[in-house]
Amino acid sequence: MKILTFADLHDGVTKEESDILKALEFDACIVLGDIERDSLIKIKDICGDIPIIGVEGNHDERDILENLNIKNVHNKIVELNGYKFLGFGGCLPYKPINGVYLHSQLECSVLLGYAPEADVLISHNSPFGIHDNQENMAHTGYKGIVEYMDRVKPKLCLHGHQHVNEITELDDGTLVVGVYGARIIDLSTLD
């Protein structure tokens, strides 16, 4: 299963980029937050009838995914092509809440502590200590994601927010993939 993944499209999607992405073959699309309404509409056009799921980021207007009929999987499981996906949106509270998803370390730990097992964890923020910047509150990763990965050992953790395109393989085999812009991920390589 190939997934087209987007995160942190602060500069939008150009027509040229859209044309290139439309030519790609993929089975599902995942949005990881901080994507403006116009870009989400372009992503929907790129995907056509291909399913899109995602989480919202710290710069997104509340309920933007639902308003555009994109399945928001924050703290929910959805199954696509035999893979279970669990989502977690937002980042640490670094400013007064203004319609965006901001969760404390404790909230993340509690919510993910009760979350069911998934093959793929998708989140806006990164796991604590992986691809994050702990000198900046807004870009410190979630400890609850690390705890979830230790407990469940998902095959893959996809995150945005940190503006990195990096892959880190954990000792237990979980791949943590930071997405900035657009990226194709082939889940069949994880089996």
# chains A, B, ... in the order shown; residues from 1 in each chain; ligands from 1
call {"tool": "residues_around", "arguments": {"residues": "range 76-80 of chain A", "least_positions_apart": "5", "cutoff": "8 Å", "atoms": "only C-alpha atoms", "output": "PyMOL selection string"}}
result
chain A and resi 28+85-87+115-116+118
call {"tool": "write_last_selection", "arguments": {"atoms": "N, CA and C atoms", "output": "compact mmCIF listing (two decimals), in the first residue's frame"}}
result
# COMPACT_ATOMS: atom_id res chain seq x y z
N ALA A 28 -3.80 5.70 -0.77
CA ALA A 28 -4.44 6.52 0.26
C ALA A 28 -3.62 7.78 0.45
N PHE A 85 -4.77 2.57 11.34
CA PHE A 85 -4.15 3.87 11.55
C PHE A 85 -4.77 4.53 12.77
N LEU A 86 -3.92 5.12 13.61
CA LEU A 86 -4.38 5.90 14.77
C LEU A 86 -3.79 7.30 14.62
N GLY A 87 -4.59 8.32 14.90
CA GLY A 87 -4.11 9.68 14.77
C GLY A 87 -4.02 10.42 16.09
N ALA A 115 -5.41 4.28 24.04
CA ALA A 115 -5.66 4.08 22.62
C ALA A 115 -5.40 2.63 22.22
N PRO A 116 -6.22 2.12 21.30
CA PRO A 116 -6.02 0.74 20.83
C PRO A 116 -4.77 0.62 19.95
N ALA A 118 -2.43 0.06 16.81
CA ALA A 118 -2.49 0.40 15.39
C ALA A 118 -1.18 -0.01 14.73
call {"tool": "residues_around", "arguments": {"residues": "Asp11 in chain A", "least_positions_apart": "6", "cutoff": "12 Å", "atoms": "only C-alpha atoms", "output": "MDAnalysis selection string"}}
result
chainID A and resid 17 34:39 180:181
call {"tool": "residues_around", "arguments": {"residues": "range 22-24 of chain A", "least_positions_apart": "3", "cutoff": "7 Å", "atoms": "only C-alpha atoms", "output": "mmCIF file with N, CA, C and O atoms, in the first residue's frame"}}
result
data_model
loop_
_atom_site.group_PDB
_atom_site.id
_atom_site.type_symbol
_atom_site.label_atom_id
_atom_site.label_comp_id
_atom_site.auth_asym_id
_atom_site.auth_seq_id
_atom_site.Cartn_x
_atom_site.Cartn_y
_atom_site.Cartn_z
ATOM 1 N N SER A 18 0.975 20.151 -8.178
ATOM 2 C CA SER A 18 -0.280 19.405 -8.244
ATOM 3 C C SER A 18 -0.276 18.450 -9.439
ATOM 4 O O SER A 18 -0.669 17.291 -9.317
ATOM 5 N N ASP A 19 0.184 18.926 -10.597
ATOM 6 C CA ASP A 19 0.236 18.086 -11.797
ATOM 7 C C ASP A 19 1.174 16.895 -11.598
ATOM 8 O O ASP A 19 0.859 15.775 -12.011
ATOM 9 N N ILE A 46 -6.262 16.277 -6.162
ATOM 10 C CA ILE A 46 -5.185 15.348 -6.526
ATOM 11 C C ILE A 46 -5.624 13.915 -6.262
ATOM 12 O O ILE A 46 -5.376 13.017 -7.064
#
call {"tool": "residues_around", "arguments": {"residues": "Asp60 in chain A", "least_positions_apart": "2", "cutoff": "10 Å", "atoms": "only C-alpha atoms", "output": "PDB file with N, CA, C and O atoms, in the first residue's frame"}}
result
ATOM      1  N   ASP A   8       2.609  20.401   6.789  1.00  0.00           N
ATOM      2  CA  ASP A   8       3.182  21.749   6.902  1.00  0.00           C
ATOM      3  C   ASP A   8       3.369  22.430   5.544  1.00  0.00           C
ATOM      4  O   ASP A   8       4.450  22.914   5.225  1.00  0.00           O
ATOM      5  N   GLY A  33      -1.379  17.895   9.160  1.00  0.00           N
ATOM      6  CA  GLY A  33      -1.617  19.179   9.796  1.00  0.00           C
ATOM      7  C   GLY A  33      -0.802  20.329   9.261  1.00  0.00           C
ATOM      8  O   GLY A  33       0.153  20.160   8.512  1.00  0.00           O
ATOM      9  N   ASP A  34      -1.242  21.528   9.632  1.00  0.00           N
ATOM     10  CA  ASP A  34      -0.680  22.799   9.187  1.00  0.00           C
ATOM     11  C   ASP A  34      -0.732  22.915   7.667  1.00  0.00           C
ATOM     12  O   ASP A  34       0.255  23.223   6.999  1.00  0.00           O
ATOM     13  N   ILE A  35      -1.940  22.675   7.149  1.00  0.00           N
ATOM     14  CA  ILE A  35      -2.194  22.771   5.721  1.00  0.00           C
ATOM     15  C   ILE A  35      -3.411  23.678   5.538  1.00  0.00           C
ATOM     16  O   ILE A  35      -4.492  23.397   6.054  1.00  0.00           O
ATOM     17  N   GLU A  36      -3.224  24.762   4.795  1.00  0.00           N
ATOM     18  CA  GLU A  36      -4.292  25.737   4.591  1.00  0.00           C
ATOM     19  C   GLU A  36      -5.455  25.135   3.807  1.00  0.00           C
ATOM     20  O   GLU A  36      -5.297  24.173   3.059  1.00  0.00           O
ATOM     21  N   ARG A  37      -6.610  25.752   3.962  1.00  0.00           N
ATOM     22  CA  ARG A  37      -7.840  25.300   3.298  1.00  0.00           C
ATOM     23  C   ARG A  37      -7.629  25.126   1.787  1.00  0.00           C
ATOM     24  O   ARG A  37      -8.011  24.108   1.215  1.00  0.00           O
ATOM     25  N   VAL A  55      -4.907  14.410  10.584  1.00  0.00           N
ATOM     26  CA  VAL A  55      -5.000  15.101  11.867  1.00  0.00           C
ATOM     27  C   VAL A  55      -4.747  16.581  11.620  1.00  0.00           C
ATOM     28  O   VAL A  55      -4.160  16.958  10.607  1.00  0.00           O
ATOM     29  N   GLU A  56      -5.185  17.394  12.563  1.00  0.00           N
ATOM     30  CA  GLU A  56      -4.995  18.835  12.444  1.00  0.00           C
ATOM     31  C   GLU A  56      -3.766  19.272  13.230  1.00  0.00           C
ATOM     32  O   GLU A  56      -3.387  18.644  14.211  1.00  0.00           O
ATOM     33  N   GLY A  57      -3.154  20.350  12.764  1.00  0.00           N
ATOM     34  CA  GLY A  57      -1.955  20.880  13.399  1.00  0.00           C
ATOM     35  C   GLY A  57      -2.233  22.124  14.209  1.00  0.00           C
ATOM     36  O   GLY A  57      -3.374  22.570  14.341  1.00  0.00           O
ATOM     37  N   ASN A  58      -1.181  22.709  14.727  1.00  0.00           N
ATOM     38  CA  ASN A  58      -1.307  23.863  15.606  1.00  0.00           C
ATOM     39  C   ASN A  58      -1.633  25.157  14.871  1.00  0.00           C
ATOM     40  O   ASN A  58      -1.962  26.153  15.501  1.00  0.00           O
ATOM     41  N   ARG A  62      -9.940  25.098  13.542  1.00  0.00           N
ATOM     42  CA  ARG A  62     -10.611  23.952  14.154  1.00  0.00           C
ATOM     43  C   ARG A  62     -11.639  23.377  13.193  1.00  0.00           C
ATOM     44  O   ARG A  62     -12.364  24.094  12.527  1.00  0.00           O
ATOM     45  N   ASP A  63     -11.671  22.047  13.124  1.00  0.00           N
ATOM     46  CA  ASP A  63     -12.625  21.281  12.317  1.00  0.00           C
ATOM     47  C   ASP A  63     -12.462  21.470  10.817  1.00  0.00           C
ATOM     48  O   ASP A  63     -13.373  21.168  10.051  1.00  0.00           O
ATOM     49  N   ILE A  64     -11.315  21.929  10.361  1.00  0.00           N
ATOM     50  CA  ILE A  64     -11.087  22.122   8.929  1.00  0.00           C
ATOM     51  C   ILE A  64     -11.227  20.802   8.167  1.00  0.00           C
ATOM     52  O   ILE A  64     -11.788  20.771   7.078  1.00  0.00           O
ATOM     53  N   LEU A  65     -10.755  19.713   8.745  1.00  0.00           N
ATOM     54  CA  LEU A  65     -10.849  18.431   8.041  1.00  0.00           C
ATOM     55  C   LEU A  65     -12.299  18.008   7.869  1.00  0.00           C
ATOM     56  O   LEU A  65     -12.730  17.659   6.762  1.00  0.00           O
ATOM     57  N   GLY A  90      -2.163  18.136  16.813  1.00  0.00           N
ATOM     58  CA  GLY A  90      -1.683  19.224  17.645  1.00  0.00           C
ATOM     59  C   GLY A  90      -0.259  19.109  18.135  1.00  0.00           C
ATOM     60  O   GLY A  90       0.509  18.254  17.708  1.00  0.00           O
ATOM     61  N   ASN A  98      -6.457  29.126  20.482  1.00  0.00           N
ATOM     62  CA  ASN A  98      -7.216  29.980  19.564  1.00  0.00           C
ATOM     63  C   ASN A  98      -7.789  29.116  18.445  1.00  0.00           C
ATOM     64  O   ASN A  98      -7.488  29.311  17.282  1.00  0.00           O
ATOM     65  N   GLY A  99      -8.557  28.105  18.817  1.00  0.00           N
ATOM     66  CA  GLY A  99      -9.180  27.267  17.811  1.00  0.00           C
ATOM     67  C   GLY A  99      -8.284  26.181  17.259  1.00  0.00           C
ATOM     68  O   GLY A  99      -8.617  25.525  16.288  1.00  0.00           O
ATOM     69  N   VAL A 100      -7.109  25.993  17.841  1.00  0.00           N
ATOM     70  CA  VAL A 100      -6.184  24.982  17.340  1.00  0.00           C
ATOM     71  C   VAL A 100      -6.023  23.862  18.364  1.00  0.00           C
ATOM     72  O   VAL A 100      -6.395  24.005  19.517  1.00  0.00           O
ATOM     73  N   TYR A 101      -5.460  22.762  17.918  1.00  0.00           N
ATOM     74  CA  TYR A 101      -5.229  21.625  18.801  1.00  0.00           C
ATOM     75  C   TYR A 101      -3.916  21.803  19.553  1.00  0.00           C
ATOM     76  O   TYR A 101      -2.843  21.801  18.947  1.00  0.00           O
TER      77      TYR A 101
END
call {"tool": "residues_around", "arguments": {"residues": "Met137 in chain A", "least_positions_apart": "2", "cutoff": "8 Å", "atoms": "only C-alpha atoms", "output": "list of chain:residue names"}}
result
A:Leu92, A:Pro93, A:Tyr94, A:Asn133, A:Gln134, A:Glu135, A:His139, A:Thr140
call {"tool": "write_last_selection", "arguments": {"atoms": "all heavy atoms", "output": "PDB file, in the first residue's frame"}}
result
ATOM      1  N   LEU A  92       2.314  20.794  21.787  1.00  0.00           N
ATOM      2  CA  LEU A  92       2.260  21.301  23.164  1.00  0.00           C
ATOM      3  C   LEU A  92       1.691  22.725  23.202  1.00  0.00           C
ATOM      4  O   LEU A  92       1.899  23.506  22.271  1.00  0.00           O
ATOM      5  CB  LEU A  92       3.654  21.305  23.783  1.00  0.00           C
ATOM      6  CG  LEU A  92       4.230  19.933  24.132  1.00  0.00           C
ATOM      7  CD1 LEU A  92       5.687  20.062  24.551  1.00  0.00           C
ATOM      8  CD2 LEU A  92       3.418  19.282  25.231  1.00  0.00           C
ATOM      9  N   PRO A  93       0.990  23.073  24.297  1.00  0.00           N
ATOM     10  CA  PRO A  93       0.434  24.427  24.413  1.00  0.00           C
ATOM     11  C   PRO A  93       1.550  25.461  24.602  1.00  0.00           C
ATOM     12  O   PRO A  93       2.204  25.490  25.629  1.00  0.00           O
ATOM     13  CB  PRO A  93      -0.445  24.362  25.661  1.00  0.00           C
ATOM     14  CG  PRO A  93      -0.523  22.932  26.060  1.00  0.00           C
ATOM     15  CD  PRO A  93       0.608  22.219  25.404  1.00  0.00           C
ATOM     16  N   TYR A  94       1.770  26.252  23.594  1.00  0.00           N
ATOM     17  CA  TYR A  94       2.815  27.272  23.649  1.00  0.00           C
ATOM     18  C   TYR A  94       2.223  28.673  23.519  1.00  0.00           C
ATOM     19  O   TYR A  94       2.937  29.666  23.569  1.00  0.00           O
ATOM     20  CB  TYR A  94       3.853  27.043  22.549  1.00  0.00           C
ATOM     21  CG  TYR A  94       3.312  27.196  21.152  1.00  0.00           C
ATOM     22  CD1 TYR A  94       3.478  28.374  20.436  1.00  0.00           C
ATOM     23  CD2 TYR A  94       2.615  26.151  20.548  1.00  0.00           C
ATOM     24  CE1 TYR A  94       2.960  28.521  19.169  1.00  0.00           C
ATOM     25  CE2 TYR A  94       2.098  26.288  19.278  1.00  0.00           C
ATOM     26  CZ  TYR A  94       2.270  27.472  18.594  1.00  0.00           C
ATOM     27  OH  TYR A  94       1.751  27.607  17.327  1.00  0.00           O
ATOM     28  N   ASN A 133      12.814  19.636  18.765  1.00  0.00           N
ATOM     29  CA  ASN A 133      13.696  20.693  19.244  1.00  0.00           C
ATOM     30  C   ASN A 133      13.251  21.054  20.657  1.00  0.00           C
ATOM     31  O   ASN A 133      12.357  21.874  20.837  1.00  0.00           O
ATOM     32  CB  ASN A 133      13.631  21.914  18.323  1.00  0.00           C
ATOM     33  CG  ASN A 133      14.464  23.073  18.825  1.00  0.00           C
ATOM     34  OD1 ASN A 133      15.129  22.993  19.854  1.00  0.00           O
ATOM     35  ND2 ASN A 133      14.434  24.170  18.099  1.00  0.00           N
ATOM     36  N   GLN A 134      13.870  20.454  21.655  1.00  0.00           N
ATOM     37  CA  GLN A 134      13.430  20.624  23.032  1.00  0.00           C
ATOM     38  C   GLN A 134      13.792  21.987  23.615  1.00  0.00           C
ATOM     39  O   GLN A 134      13.383  22.305  24.724  1.00  0.00           O
ATOM     40  CB  GLN A 134      13.969  19.489  23.881  1.00  0.00           C
ATOM     41  CG  GLN A 134      13.379  18.159  23.465  1.00  0.00           C
ATOM     42  CD  GLN A 134      14.052  16.975  24.106  1.00  0.00           C
ATOM     43  OE1 GLN A 134      14.631  17.088  25.176  1.00  0.00           O
ATOM     44  NE2 GLN A 134      13.967  15.829  23.449  1.00  0.00           N
ATOM     45  N   GLU A 135      14.524  22.796  22.865  1.00  0.00           N
ATOM     46  CA  GLU A 135      14.809  24.155  23.323  1.00  0.00           C
ATOM     47  C   GLU A 135      13.677  25.107  22.962  1.00  0.00           C
ATOM     48  O   GLU A 135      13.685  26.270  23.355  1.00  0.00           O
ATOM     49  CB  GLU A 135      16.134  24.638  22.735  1.00  0.00           C
ATOM     50  CG  GLU A 135      17.321  23.852  23.277  1.00  0.00           C
ATOM     51  CD  GLU A 135      18.642  24.307  22.687  1.00  0.00           C
ATOM     52  OE1 GLU A 135      18.680  25.378  22.066  1.00  0.00           O
ATOM     53  OE2 GLU A 135      19.614  23.578  22.858  1.00  0.00           O
ATOM     54  N   HIS A 139       8.040  23.130  19.639  1.00  0.00           N
ATOM     55  CA  HIS A 139       8.595  22.046  18.825  1.00  0.00           C
ATOM     56  C   HIS A 139       9.202  20.918  19.654  1.00  0.00           C
ATOM     57  O   HIS A 139      10.005  20.135  19.163  1.00  0.00           O
ATOM     58  CB  HIS A 139       9.591  22.603  17.807  1.00  0.00           C
ATOM     59  CG  HIS A 139       8.891  23.354  16.727  1.00  0.00           C
ATOM     60  ND1 HIS A 139       8.401  22.747  15.605  1.00  0.00           N
ATOM     61  CD2 HIS A 139       8.547  24.660  16.626  1.00  0.00           C
ATOM     62  CE1 HIS A 139       7.797  23.645  14.842  1.00  0.00           C
ATOM     63  NE2 HIS A 139       7.866  24.811  15.456  1.00  0.00           N
ATOM     64  N   THR A 140       8.795  20.832  20.910  1.00  0.00           N
ATOM     65  CA  THR A 140       9.159  19.688  21.747  1.00  0.00           C
ATOM     66  C   THR A 140       8.178  18.562  21.447  1.00  0.00           C
ATOM     67  O   THR A 140       6.975  18.777  21.402  1.00  0.00           O
ATOM     68  CB  THR A 140       9.093  20.065  23.243  1.00  0.00           C
ATOM     69  OG1 THR A 140      10.051  21.097  23.497  1.00  0.00           O
ATOM     70  CG2 THR A 140       9.388  18.866  24.132  1.00  0.00           C
TER      71      THR A 140
END
call {"tool": "residues_around", "arguments": {"residues": "Asp27 in chain A", "least_positions_apart": "5", "cutoff": "8 Å", "atoms": "only C-alpha atoms", "output": "ChimeraX atom specification"}}
result
/A:1-4,50-51
call {"tool": "atom_distance", "arguments": {"atom1": "CA of Asp119 in chain A", "atom2": "CA of Cys157 in chain A"}}
result
8.7 Å
call {"tool": "select_by_dssp", "arguments": {"residues": "range 15-77 of chain A", "states": "strand (DSSP E)", "output": "JSON, numbers by chain"}}
result
{"A": [28, 29, 30, 31, 52, 53, 54, 71, 72, 77]}
call {"tool": "select_by_dssp", "arguments": {"residues": "range 9-145 of chain A", "states": "helix (DSSP H, G or I)", "output": "PyMOL selection string"}}
result
chain A and resi 15-22+37-47+64-67+105-113+137-139+143-145
call {"tool": "closest_residue", "arguments": {"among": "A:Leu156, A:Val146, A:Thr174, A:Lys42", "to": "Asp186 in chain A", "atoms": "only C-alpha atoms"}}
result
A:Leu156
call {"tool": "atom_distance", "arguments": {"atom1": "CA of Ile184 in chain A", "atom2": "CA of Ile52 in chain A"}}
result
13.7 Å
call {"tool": "closest_residue", "arguments": {"among": "A:Asp45, A:Pro154, A:Asp191, A:Ser126", "to": "Ile167 in chain A", "atoms": "only C-alpha atoms"}}
result
A:Ser126
call {"tool": "residues_around", "arguments": {"residues": "Ile30 in chain A", "least_positions_apart": "6", "cutoff": "6 Å", "atoms": "only C-alpha atoms", "output": "list of chain:residue names"}}
result
A:Thr5, A:Ile52, A:Ile53, A:Gly54
call {"tool": "closest_residue", "arguments": {"among": "A:Ala7, A:Cys91, A:Cys29, A:Val152", "to": "Phe128 in chain A", "atoms": "only C-alpha atoms"}}
result
A:Cys91
call {"tool": "closest_residue", "arguments": {"among": "A:Glu166, A:Val31, A:Ala138, A:Leu187", "to": "Val120 in chain A", "atoms": "only C-alpha atoms"}}
result
A:Leu187
call {"tool": "closest_residue", "arguments": {"among": "A:His131, A:Glu169, A:Leu121, A:His163", "to": "Gly144 in chain A", "atoms": "only C-alpha atoms"}}
result
A:Leu121
call {"tool": "atom_distance", "arguments": {"atom1": "CA of Ile130 in chain A", "atom2": "CA of Gly12 in chain A"}}
result
26.2 Å
